[in-house]
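This is coords_2.txt. It holds compact mmCIF, C-alpha atoms and all ligand atoms.
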# COMPACT_ATOMS: atom_id res chain seq x y z
CA MET V 4 0.00 0.00 0.00
CA PRO V 5 1.48 3.44 -0.93
CA MET V 6 2.59 5.65 2.05
CA GLY V 7 -0.25 7.76 3.44
CA THR V 8 -3.01 5.61 1.91
CA VAL V 9 -5.80 4.78 4.37
CA PRO V 10 -6.44 0.99 4.41
CA THR V 11 -9.86 -0.02 3.11
CA ARG V 12 -12.15 -1.11 5.97
CA ILE V 13 -15.56 -2.29 4.88
CA LEU V 14 -18.94 -2.53 6.61
CA VAL V 15 -21.61 -4.69 4.94
CA THR V 16 -25.23 -4.42 6.18
CA GLY V 17 -27.75 -7.16 5.38
CA ALA V 18 -24.73 -9.45 4.88
CA LEU V 19 -26.60 -12.74 5.36
CA GLY V 20 -28.91 -12.21 2.38
CA GLN V 21 -28.74 -13.45 -1.20
CA ILE V 22 -26.21 -10.85 -2.32
CA GLY V 23 -24.35 -10.36 0.98
CA THR V 24 -23.51 -14.07 1.28
CA GLU V 25 -21.46 -13.85 -1.94
CA LEU V 26 -20.29 -10.22 -1.77
CA VAL V 27 -18.71 -10.66 1.68
CA GLU V 28 -16.73 -13.69 0.42
CA VAL V 29 -15.40 -11.75 -2.56
CA LEU V 30 -14.62 -8.60 -0.53
CA ARG V 31 -12.77 -10.70 2.10
CA ASP V 32 -10.72 -12.38 -0.66
CA LYS V 33 -9.83 -8.97 -2.05
CA TYR V 34 -9.27 -6.87 1.10
CA GLY V 35 -8.54 -9.52 3.76
CA GLU V 36 -10.76 -11.36 6.22
CA LYS V 37 -10.40 -8.81 9.04
CA SER V 38 -11.05 -5.76 6.86
CA VAL V 39 -14.67 -6.69 6.13
CA ILE V 40 -17.21 -6.39 8.96
CA ALA V 41 -20.32 -8.37 7.98
CA THR V 42 -23.50 -7.33 9.83
CA ASP V 43 -27.15 -8.33 9.74
CA ILE V 44 -30.23 -8.12 11.95
CA ARG V 45 -30.08 -11.92 12.09
CA GLU V 46 -27.45 -13.77 14.12
CA ALA V 47 -24.78 -15.98 12.54
CA ASN V 48 -21.15 -16.94 13.04
CA GLY V 49 -18.75 -14.44 11.51
CA CYS V 50 -21.47 -11.77 11.41
CA THR V 51 -22.05 -8.90 13.88
CA GLN V 52 -25.67 -8.22 14.79
CA LEU V 53 -26.72 -4.74 13.59
CA ASP V 54 -30.20 -3.37 12.89
CA VAL V 55 -30.06 -0.55 10.34
CA MET V 56 -32.83 1.19 12.28
CA ASP V 57 -30.28 1.66 15.09
CA ALA V 58 -28.59 4.91 13.99
CA GLU V 59 -26.30 5.06 17.03
CA GLY V 60 -25.26 1.43 16.62
CA ILE V 61 -24.27 2.09 12.99
CA GLU V 62 -22.28 5.20 13.94
CA SER V 63 -20.34 3.56 16.72
CA LEU V 64 -19.47 0.55 14.54
CA VAL V 65 -18.31 2.84 11.73
CA GLN V 66 -16.23 4.89 14.17
CA ASN V 67 -14.76 2.01 16.20
CA GLU V 68 -13.90 -0.12 13.16
CA GLU V 69 -12.51 2.87 11.20
CA ILE V 70 -14.79 2.04 8.28
CA THR V 71 -13.96 3.62 4.90
CA ASP V 72 -16.52 1.90 2.62
CA ILE V 73 -20.09 0.74 3.31
CA TYR V 74 -22.04 -1.79 1.21
CA HIS V 75 -25.61 -1.31 2.39
CA LEU V 76 -27.65 -4.41 1.49
CA ALA V 77 -30.24 -4.48 4.32
CA ALA V 78 -33.72 -4.05 2.82
CA LEU V 79 -37.11 -5.66 2.33
CA LEU V 80 -37.66 -6.85 -1.25
CA SER V 81 -40.79 -6.41 -3.35
CA ALA V 82 -43.00 -9.34 -2.30
CA THR V 83 -42.26 -9.02 1.44
CA GLY V 84 -42.31 -5.24 1.14
CA GLU V 85 -45.78 -5.04 -0.43
CA LYS V 86 -47.12 -7.20 2.40
CA ASN V 87 -45.61 -4.77 4.97
CA PRO V 88 -45.47 -1.39 3.20
CA ASP V 89 -44.80 0.71 6.34
CA LEU V 90 -42.01 -1.58 7.46
CA CYS V 91 -40.63 -1.62 3.92
CA TRP V 92 -40.51 2.19 3.91
CA SER V 93 -38.85 2.31 7.36
CA ILE V 94 -36.15 -0.23 6.61
CA ASN V 95 -35.46 0.82 3.03
CA VAL V 96 -35.65 4.61 3.47
CA ASP V 97 -35.10 5.38 7.19
CA GLY V 98 -32.45 2.64 7.41
CA LEU V 99 -30.67 4.13 4.38
CA VAL V 100 -30.86 7.63 5.90
CA ASN V 101 -29.16 6.28 9.05
CA VAL V 102 -26.39 4.72 6.97
CA ILE V 103 -25.91 7.91 4.90
CA SER V 104 -25.69 9.96 8.07
CA ALA V 105 -22.89 7.73 9.47
CA ALA V 106 -21.12 7.73 6.08
CA LYS V 107 -21.27 11.53 5.97
CA LYS V 108 -20.00 11.95 9.55
CA TYR V 109 -17.02 9.59 9.07
CA GLY V 110 -16.24 10.28 5.39
CA CYS V 111 -17.16 6.83 4.02
CA ARG V 112 -17.96 5.86 0.45
CA LEU V 113 -21.31 4.11 0.13
CA PHE V 114 -22.74 1.48 -2.22
CA SER V 115 -26.52 1.12 -1.98
CA PRO V 116 -28.36 -1.03 -4.55
CA SER V 117 -31.30 0.17 -6.57
CA SER V 118 -33.49 -2.16 -8.63
CA ILE V 119 -35.41 -2.56 -11.88
CA ALA V 120 -38.39 -1.97 -9.54
CA VAL V 121 -37.78 1.81 -9.93
CA PHE V 122 -39.59 1.51 -13.27
CA GLY V 123 -43.38 1.55 -13.46
CA PRO V 124 -46.02 0.59 -16.05
CA ASP V 125 -45.38 3.78 -18.06
CA CYS V 126 -41.74 2.85 -18.75
CA PRO V 127 -40.83 1.58 -22.26
CA LYS V 128 -40.54 -2.24 -22.26
CA HIS V 129 -36.82 -1.87 -23.06
CA ALA V 130 -36.02 0.44 -20.13
CA PRO V 131 -33.73 3.38 -20.89
CA GLN V 132 -31.38 4.82 -18.26
CA VAL V 133 -33.26 8.10 -18.17
CA THR V 134 -37.05 7.93 -18.13
CA GLY V 135 -39.90 8.79 -15.76
CA LEU V 136 -39.63 6.70 -12.58
CA ASN V 137 -43.21 5.98 -11.50
CA PRO V 138 -43.20 2.58 -9.79
CA SER V 139 -46.47 1.09 -8.58
CA THR V 140 -44.88 -0.80 -5.65
CA VAL V 141 -43.82 0.75 -2.33
CA TYR V 142 -40.57 -1.19 -2.73
CA GLY V 143 -39.95 0.57 -6.07
CA LYS V 144 -40.72 3.96 -4.53
CA THR V 145 -38.14 3.35 -1.76
CA LYS V 146 -35.55 2.62 -4.45
CA VAL V 147 -36.38 5.86 -6.31
CA VAL V 148 -35.86 7.76 -3.03
CA GLY V 149 -32.54 5.93 -2.57
CA GLU V 150 -31.35 7.09 -6.00
CA HIS V 151 -32.30 10.71 -5.21
CA LEU V 152 -30.46 10.52 -1.88
CA ALA V 153 -27.37 9.23 -3.66
CA MET V 154 -27.19 12.39 -5.73
CA SER V 155 -28.25 14.86 -3.02
CA SER V 156 -26.44 13.61 0.08
CA GLU V 157 -23.03 15.13 -0.77
CA ILE V 158 -21.13 11.87 -0.22
CA ASP V 159 -19.58 9.44 -2.68
CA MET V 160 -22.63 7.18 -2.97
CA ARG V 161 -23.15 4.77 -5.87
CA GLY V 162 -25.84 2.29 -6.93
CA LEU V 163 -26.89 -0.24 -9.55
CA ARG V 164 -30.40 -1.07 -10.70
CA TYR V 165 -29.93 -4.80 -10.24
CA PRO V 166 -32.20 -7.03 -12.34
CA GLY V 167 -33.58 -10.23 -10.73
CA LEU V 168 -30.52 -12.04 -9.42
CA ILE V 169 -30.00 -15.77 -9.87
CA SER V 170 -27.65 -17.61 -7.52
CA TRP V 171 -27.18 -20.91 -5.71
CA LYS V 172 -25.26 -20.12 -2.48
CA ALA V 173 -28.13 -18.44 -0.57
CA PRO V 174 -31.90 -18.42 -1.09
CA ALA V 175 -33.63 -15.45 -2.72
CA GLY V 176 -34.98 -13.06 -0.10
CA GLY V 177 -38.67 -12.38 -0.75
CA GLY V 178 -38.77 -10.74 -4.16
CA THR V 179 -40.91 -11.12 -7.27
CA THR V 180 -38.03 -12.58 -9.26
CA ASP V 181 -37.49 -15.37 -6.69
CA TYR V 182 -39.17 -17.84 -9.08
CA ALA V 183 -36.02 -17.78 -11.22
CA VAL V 184 -34.06 -19.17 -8.25
CA GLU V 185 -36.69 -21.46 -6.72
CA ILE V 186 -37.29 -23.20 -10.06
CA PHE V 187 -33.80 -24.76 -10.00
CA HIS V 188 -34.26 -26.28 -6.53
CA ALA V 189 -37.69 -27.59 -7.55
CA ALA V 190 -36.38 -29.01 -10.85
CA LEU V 191 -33.52 -30.83 -9.12
CA TYR V 192 -35.20 -32.02 -5.92
CA GLU V 193 -38.96 -32.24 -6.69
CA GLY V 194 -39.16 -32.63 -10.47
CA HIS V 195 -42.00 -30.07 -10.54
CA TYR V 196 -42.45 -26.33 -9.86
CA ASN V 197 -45.63 -24.31 -9.24
CA CYS V 198 -44.60 -20.96 -10.70
CA PHE V 199 -46.33 -17.84 -9.30
CA VAL V 200 -46.13 -15.87 -12.55
CA ARG V 201 -47.37 -16.71 -16.07
CA GLU V 202 -45.28 -18.69 -18.55
CA ASP V 203 -44.94 -15.65 -20.85
CA THR V 204 -43.63 -13.33 -18.09
CA ARG V 205 -40.40 -11.78 -19.33
CA LEU V 206 -38.10 -9.92 -16.90
CA PRO V 207 -34.50 -8.69 -16.84
CA MET V 208 -32.30 -11.18 -14.95
CA MET V 209 -28.63 -11.57 -14.07
CA TYR V 210 -26.33 -14.27 -12.70
CA MET V 211 -24.84 -13.38 -9.31
CA ASP V 212 -21.24 -13.54 -10.59
CA ASP V 213 -22.04 -10.75 -13.07
CA ALA V 214 -23.80 -8.72 -10.34
CA ILE V 215 -20.89 -9.02 -7.89
CA ARG V 216 -18.39 -8.09 -10.62
CA ALA V 217 -20.52 -5.08 -11.59
CA THR V 218 -20.59 -3.97 -7.95
CA LEU V 219 -16.80 -4.14 -7.59
CA GLU V 220 -16.21 -2.49 -10.97
CA LEU V 221 -18.54 0.39 -10.13
CA MET V 222 -16.83 0.91 -6.75
CA GLU V 223 -13.38 0.80 -8.39
CA ALA V 224 -14.31 3.43 -11.01
CA SER V 225 -13.00 6.94 -10.44
CA LEU V 226 -15.69 9.29 -9.18
CA ASP V 227 -14.84 11.73 -12.00
CA SER V 228 -15.92 9.19 -14.64
CA LEU V 229 -19.42 8.80 -13.13
CA GLY V 230 -22.21 11.11 -14.24
CA THR V 231 -25.77 11.78 -13.14
CA SER V 232 -26.72 8.08 -13.17
CA ARG V 233 -24.35 7.36 -10.26
CA GLY V 234 -27.21 6.59 -7.87
CA GLY V 235 -28.66 3.84 -10.04
CA TYR V 236 -27.03 2.59 -13.22
CA ASN V 237 -29.05 0.32 -15.50
CA ILE V 238 -27.14 -2.94 -15.97
CA ALA V 239 -28.45 -5.65 -18.27
CA GLY V 240 -27.63 -9.33 -17.91
CA CYS V 241 -30.15 -11.21 -20.01
CA SER V 242 -33.90 -11.26 -20.41
CA PHE V 243 -36.15 -14.31 -20.76
CA THR V 244 -39.66 -15.65 -20.14
CA VAL V 245 -40.34 -18.42 -17.64
CA GLY V 246 -41.21 -20.63 -20.63
CA GLU V 247 -37.73 -20.04 -22.07
CA LEU V 248 -36.18 -20.78 -18.65
CA VAL V 249 -38.08 -24.09 -18.42
CA GLU V 250 -36.91 -25.00 -21.95
CA SER V 251 -33.30 -24.32 -21.00
CA ILE V 252 -33.62 -26.43 -17.82
CA HIS V 253 -35.05 -29.26 -19.99
CA ARG V 254 -31.60 -29.54 -21.65
CA HIS V 255 -30.41 -31.00 -18.31
CA ILE V 256 -33.63 -32.40 -16.76
CA PRO V 257 -36.03 -33.40 -19.59
CA GLU V 258 -38.63 -34.85 -17.19
CA PHE V 259 -39.03 -31.55 -15.24
CA THR V 260 -42.58 -30.09 -15.30
CA CYS V 261 -43.82 -26.62 -14.39
CA SER V 262 -47.34 -25.31 -13.66
CA PHE V 263 -48.30 -21.66 -13.70
CA ILE V 264 -50.47 -20.33 -10.86
CA PRO V 265 -50.10 -16.53 -10.90
CA ASP V 266 -50.58 -14.64 -7.63
CA ILE V 267 -50.21 -10.96 -6.63
CA ARG V 268 -46.53 -11.03 -7.67
CA GLN V 269 -47.73 -11.22 -11.30
CA ASN V 270 -48.89 -7.59 -10.91
CA TYR V 271 -45.45 -6.47 -9.75
CA ALA V 272 -43.76 -8.37 -12.58
CA ASP V 273 -46.16 -6.87 -15.14
CA SER V 274 -45.32 -3.35 -13.92
CA TRP V 275 -41.58 -3.84 -14.63
CA PRO V 276 -39.80 -3.66 -18.00
CA ASP V 277 -38.91 -6.72 -20.11
CA SER V 278 -35.30 -5.73 -20.64
CA ILE V 279 -32.74 -3.07 -19.77
CA GLU V 280 -30.73 -0.64 -21.88
CA ASP V 281 -27.32 -0.20 -20.21
CA ILE V 282 -25.30 2.00 -22.57
CA VAL V 283 -24.46 4.57 -19.88
CA ALA V 284 -22.88 1.96 -17.56
CA ARG V 285 -20.92 0.54 -20.52
CA LYS V 286 -19.62 3.97 -21.46
CA GLU V 287 -18.87 5.41 -18.03
CA TRP V 288 -17.24 2.45 -16.25
CA GLY V 289 -16.95 -0.31 -18.86
CA TRP V 290 -19.82 -2.59 -17.82
CA MET V 291 -20.15 -5.79 -19.88
CA PRO V 292 -22.27 -8.84 -18.90
CA GLU V 293 -20.90 -12.38 -19.34
CA PHE V 294 -23.76 -14.78 -18.61
CA ASN V 295 -26.62 -15.55 -21.02
CA LEU V 296 -29.62 -17.76 -20.15
CA ASP V 297 -28.11 -21.14 -21.10
CA ARG V 298 -24.85 -20.37 -19.30
CA ILE V 299 -26.75 -19.36 -16.14
CA VAL V 300 -28.76 -22.61 -16.27
CA ASP V 301 -25.60 -24.71 -16.82
CA GLU V 302 -23.84 -23.06 -13.85
CA MET V 303 -26.86 -23.25 -11.52
CA ILE V 304 -27.44 -26.95 -12.15
CA LEU V 305 -23.76 -27.86 -11.93
CA ASN V 306 -23.19 -25.89 -8.71
CA LEU V 307 -26.37 -27.10 -6.99
CA ARG V 308 -25.55 -30.72 -7.90
CA ASN V 309 -21.97 -30.32 -6.63
CA SER V 310 -23.05 -28.63 -3.41
CA GLN V 311 -25.55 -31.40 -2.71
CA SER V 312 -23.11 -34.22 -3.37
CA SER V 313 -20.47 -32.61 -1.09
CA SER V 314 -22.92 -32.05 1.80
P1 LIG R 1 -32.10 -10.38 1.01
O1 LIG R 1 -33.52 -10.23 1.46
O2 LIG R 1 -31.63 -11.71 0.56
O3 LIG R 1 -31.13 -9.89 2.18
C1 LIG R 1 -31.39 -8.75 2.94
C2 LIG R 1 -30.77 -8.94 4.31
O4 LIG R 1 -31.11 -7.77 5.08
C3 LIG R 1 -31.30 -10.16 5.05
O5 LIG R 1 -30.23 -10.98 5.44
C4 LIG R 1 -32.03 -9.58 6.25
O6 LIG R 1 -31.88 -10.35 7.43
C5 LIG R 1 -31.34 -8.23 6.39
N1 LIG R 1 -32.17 -7.23 7.08
C6 LIG R 1 -33.50 -7.04 6.99
N2 LIG R 1 -33.88 -6.05 7.81
C7 LIG R 1 -32.76 -5.59 8.41
C8 LIG R 1 -32.49 -4.55 9.34
N3 LIG R 1 -33.47 -3.81 9.85
N4 LIG R 1 -31.21 -4.34 9.71
C9 LIG R 1 -30.21 -5.11 9.23
N5 LIG R 1 -30.40 -6.11 8.36
C10 LIG R 1 -31.66 -6.34 7.94
O7 LIG R 1 -31.83 -9.27 -0.09
P2 LIG R 1 -30.72 -9.28 -1.25
O8 LIG R 1 -31.31 -9.99 -2.40
O9 LIG R 1 -29.42 -9.68 -0.73
O10 LIG R 1 -30.76 -7.73 -1.63
C11 LIG R 1 -29.82 -6.79 -1.14
C12 LIG R 1 -30.12 -5.45 -1.78
O11 LIG R 1 -30.10 -5.57 -3.20
C13 LIG R 1 -31.48 -4.86 -1.42
O12 LIG R 1 -31.37 -3.47 -1.34
C14 LIG R 1 -32.34 -5.22 -2.62
O13 LIG R 1 -33.41 -4.32 -2.77
C15 LIG R 1 -31.33 -5.09 -3.73
N6 LIG R 1 -31.73 -5.86 -4.91
C16 LIG R 1 -31.72 -7.22 -4.90
C17 LIG R 1 -32.12 -7.92 -6.04
C18 LIG R 1 -32.15 -9.42 -6.08
O14 LIG R 1 -32.67 -9.99 -7.06
N7 LIG R 1 -31.60 -10.12 -5.07
C19 LIG R 1 -32.51 -7.22 -7.19
C20 LIG R 1 -32.54 -5.83 -7.15
C21 LIG R 1 -32.11 -5.15 -6.02
C1 LIG R 2 -37.47 -8.32 -6.31
O1 LIG R 2 -38.02 -9.12 -7.09
O2 LIG R 2 -38.06 -7.68 -5.43
C2 LIG R 2 -35.98 -8.09 -6.47
C3 LIG R 2 -35.77 -6.90 -7.34
C4 LIG R 2 -35.83 -7.06 -8.81
O3 LIG R 2 -35.58 -5.82 -6.86
N1 LIG R 2 -35.39 -9.27 -6.98
Represent the structure from my file as structure tokens, please.
Amino acid sequence: MPMGTVPTRILVTGALGQIGTELVEVLRDKYGEKSVIATDIREANGCTQLDVMDAEGIESLVQNEEITDIYHLAALLSATGEKNPDLCWSINVDGLVNVISAAKKYGCRLFSPSSIAVFGPDCPKHAPQVTGLNPSTVYGKTKVVGEHLAMSSEIDMRGLRYPGLISWKAPAGGGTTDYAVEIFHAALYEGHYNCFVREDTRLPMMYMDDAIRATLELMEASLDSLGTSRGGYNIAGCSFTVGELVESIHRHIPEFTCSFIPDIRQNYADSWPDSIEDIVARKEWGWMPEFNLDRIVDEMILNLRNSQSSS
């Protein structure tokens, strides 16, 4: 490390969730085990208990651990959030305000994810970076507020509009796009899946490896290269219907069957775009996805099979 450089010390909130489980591993590989303080409201080994509603608790942890960078992942996702809209607002907005306040006081950089849920039914089906943000879900509204705070809070705060994320190390955490994770477990262990959205539902999706890489690349970019989309860059992975996902799974498990029994989550899915236009992220910090649908399916099935046979 060059003389005079402050060592990177990282705080991760919501670290036990779908993204945190993988991001903490990668950050610890990069910056060292002891430089990454994983926290969550839930208890687990290797994780400090921290509720993001506890403003004083956040501040003292940031101060005592000499934190330089915060990855703020604690939130309620769309399906859980729409069932508890007041709680969703408190955790996603008030919790974020608490984290921003600590970041401002101690000069930390902050990563706080946005979502494709910022878009509403009036958005073009191929969502541009800049368009009206009129989400119909409370969850989406909290993400729009988060993007505004990123640009108005006078700290180095950055965000990505993650698509639905597909991964195998931790379960999906109560979102609308959870079907694209659950379907793999059902295909491998039950042979059948009752899908809660229609077969023709098309949404933007991304493999977790791409999402983690995007997060690190955005945080490594120089602040000068980032423009007015800094609070929530569109990033595209791939886009497919559930029918196309089932077809791709059939390449590995031909006997797998899927039924379609739409519930309220269909409404949230229908209010979101089909695909994402990510030219600004490509231009400003070099974003490029690597995983298409078939590659995601190959990796998910291989990794889930391997993890089951080694357990
Ligand atoms: P998740 O639900 O899997 O994990 C969230 C974690 O936050 C959980 O471990 C939970 O225990 C914790 N948490 C909840 N309330 C808390 C509180 N009050 N204090 C501290 N911790 C608390 O979510 P995720 O998928 O890992 O998502 C992380 C972030 O990324 C969220 O902001 C989410 O909106 C965003 N995002 C995720 C996706 C996706 O598909 N996973 C897509 C778009 C955006
Ligand atoms: C959800 O479905 O709520 C999340 C998201 C797209 O923000 N996966």
Write out as a list in words the residues lying within 7 Å of Trp290 (chain V), counting all atoms listed in the file and excluding same-chain residues fewer than 5 positions away.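 Contacts, with the query itself left out: Ala217, Ala284 and Arg285 of chain V.
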Writing out the chosen residues with C-alpha atoms as a PDB file, in the coordinates of the input:
ATOM      1  CA  ALA V 217     -20.520  -5.080 -11.590  1.00  0.00           C
ATOM      2  CA  ALA V 284     -22.880   1.960 -17.560  1.00  0.00           C
ATOM      3  CA  ARG V 285     -20.920   0.540 -20.520  1.00  0.00           C
TER       4      ARG V 285
END
Closest-contact table, chain V side, partner ligand LIG 2 (chain R), 7 Å, counting only C-alpha atoms and all ligand atoms, as a Markdown table:
| residue | atom | partner | partner_atom | distance |
| --- | --- | --- | --- | --- |
| V:Leu80 | CA | R:LIG2 | O2 | 4.3 |
| V:Ser81 | CA | R:LIG2 | O2 | 3.7 |
| V:Ala82 | CA | R:LIG2 | O2 | 6.1 |
| V:Ser118 | CA | R:LIG2 | O3 | 4.6 |
| V:Ile119 | CA | R:LIG2 | C4 | 5.5 |
| V:Ala120 | CA | R:LIG2 | O3 | 5.5 |
| V:Tyr165 | CA | R:LIG2 | C4 | 6.5 |
| V:Pro166 | CA | R:LIG2 | C4 | 5.1 |
| V:Gly167 | CA | R:LIG2 | N1 | 4.3 |
| V:Leu168 | CA | R:LIG2 | N1 | 6.1 |
| V:Gly177 | CA | R:LIG2 | O2 | 6.7 |
| V:Gly178 | CA | R:LIG2 | O2 | 3.4 |
| V:Thr179 | CA | R:LIG2 | O1 | 3.5 |
| V:Thr180 | CA | R:LIG2 | O1 | 4.1 |
| V:Asp181 | CA | R:LIG2 | O1 | 6.3 |
How would you write, as a PyMOL selection string, the set of residues no farther than 7 Å from ligand LIG 1 (chain R) when counting all atoms listed in the file? chain V and resi 16-23+43-45+53-56+76-80+94+98+115-119+164-169+174-178+180
Enumerate, as a VMD selection string, the protein, DNA and RNA residues whose atoms approach (-35.0, -4.3, -17.9) to within 10 Å, taking into account all atoms listed in the file and the coordinate frame of the file. chain V and resid 118 to 120 122 126 to 132 164 to 167 205 to 208 237 to 242 275 to 281
Using only C-alpha atoms, which protein or nucleic acid residues come within 12 Å of Ile264 (chain V)? Drop anything in the same chain fewer than 4 positions from it, and give the result as a list in words. Tyr182, Tyr196, Asn197, Cys198, Phe199, Val200, Arg201, Glu202, Arg268 and Gln269 of chain V
Take the residues just selected and output them with C-alpha atoms as a PDB file, in the frame of the given file.
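The result, stored in result_13.pdb:
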ATOM      1  CA  TYR V 182     -39.170 -17.840  -9.080  1.00  0.00           C
ATOM      2  CA  TYR V 196     -42.450 -26.330  -9.860  1.00  0.00           C
ATOM      3  CA  ASN V 197     -45.630 -24.310  -9.240  1.00  0.00           C
ATOM      4  CA  CYS V 198     -44.600 -20.960 -10.700  1.00  0.00           C
ATOM      5  CA  PHE V 199     -46.330 -17.840  -9.300  1.00  0.00           C
ATOM      6  CA  VAL V 200     -46.130 -15.870 -12.550  1.00  0.00           C
ATOM      7  CA  ARG V 201     -47.370 -16.710 -16.070  1.00  0.00           C
ATOM      8  CA  GLU V 202     -45.280 -18.690 -18.550  1.00  0.00           C
ATOM      9  CA  ARG V 268     -46.530 -11.030  -7.670  1.00  0.00           C
ATOM     10  CA  GLN V 269     -47.730 -11.220 -11.300  1.00  0.00           C
TER      11      GLN V 269
END
Between CA of Leu64 (chain V) and CA of Gly149 (chain V), what is the spacing in Å?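 For CA of Gly149 (chain V) relative to CA of Leu64 (chain V), the distance reads 22.2 Å.
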Complete region 4-17 of chain V with N, CA, C and O atoms (output as a short mmCIF file (atom, residue, chain, number, x, y, z; two decimals), in the coordinates of the input).
data_model
loop_
_atom_site.label_atom_id
_atom_site.label_comp_id
_atom_site.auth_asym_id
_atom_site.auth_seq_id
_atom_site.Cartn_x
_atom_site.Cartn_y
_atom_site.Cartn_z
N MET V 4 0.84 -1.20 0.00
CA MET V 4 0.00 0.00 0.00
C MET V 4 0.89 1.26 0.00
O MET V 4 1.82 1.34 0.80
N PRO V 5 0.64 2.24 -0.90
CA PRO V 5 1.48 3.44 -0.93
C PRO V 5 1.41 4.20 0.40
O PRO V 5 0.39 4.15 1.08
N MET V 6 2.54 4.89 0.78
CA MET V 6 2.59 5.65 2.05
C MET V 6 1.43 6.64 2.11
O MET V 6 1.11 7.30 1.13
N GLY V 7 0.81 6.75 3.26
CA GLY V 7 -0.25 7.76 3.44
C GLY V 7 -1.61 7.30 3.00
O GLY V 7 -2.60 8.00 3.20
N THR V 8 -1.70 6.09 2.35
CA THR V 8 -3.01 5.61 1.91
C THR V 8 -3.74 4.98 3.10
O THR V 8 -3.17 4.18 3.84
N VAL V 9 -5.02 5.35 3.28
CA VAL V 9 -5.80 4.78 4.37
C VAL V 9 -6.25 3.38 3.96
O VAL V 9 -6.79 3.20 2.87
N PRO V 10 -6.01 2.34 4.81
CA PRO V 10 -6.44 0.99 4.41
C PRO V 10 -7.96 0.90 4.28
O PRO V 10 -8.68 1.54 5.06
N THR V 11 -8.41 0.14 3.30
CA THR V 11 -9.86 -0.02 3.11
C THR V 11 -10.44 -0.88 4.23
O THR V 11 -9.96 -1.99 4.47
N ARG V 12 -11.45 -0.36 4.91
CA ARG V 12 -12.15 -1.11 5.97
C ARG V 12 -13.62 -1.06 5.62
O ARG V 12 -14.21 0.02 5.46
N ILE V 13 -14.22 -2.22 5.48
CA ILE V 13 -15.56 -2.29 4.88
C ILE V 13 -16.62 -2.75 5.88
O ILE V 13 -16.40 -3.72 6.62
N LEU V 14 -17.77 -2.07 5.86
CA LEU V 14 -18.94 -2.53 6.61
C LEU V 14 -19.99 -2.99 5.59
O LEU V 14 -20.28 -2.28 4.63
N VAL V 15 -20.52 -4.20 5.79
CA VAL V 15 -21.61 -4.69 4.94
C VAL V 15 -22.84 -4.84 5.82
O VAL V 15 -22.79 -5.54 6.84
N THR V 16 -23.95 -4.20 5.47
CA THR V 16 -25.23 -4.42 6.18
C THR V 16 -26.03 -5.46 5.39
O THR V 16 -25.82 -5.63 4.19
N GLY V 17 -26.93 -6.15 6.08
CA GLY V 17 -27.75 -7.16 5.38
C GLY V 17 -26.89 -8.25 4.77
O GLY V 17 -27.22 -8.82 3.72
#
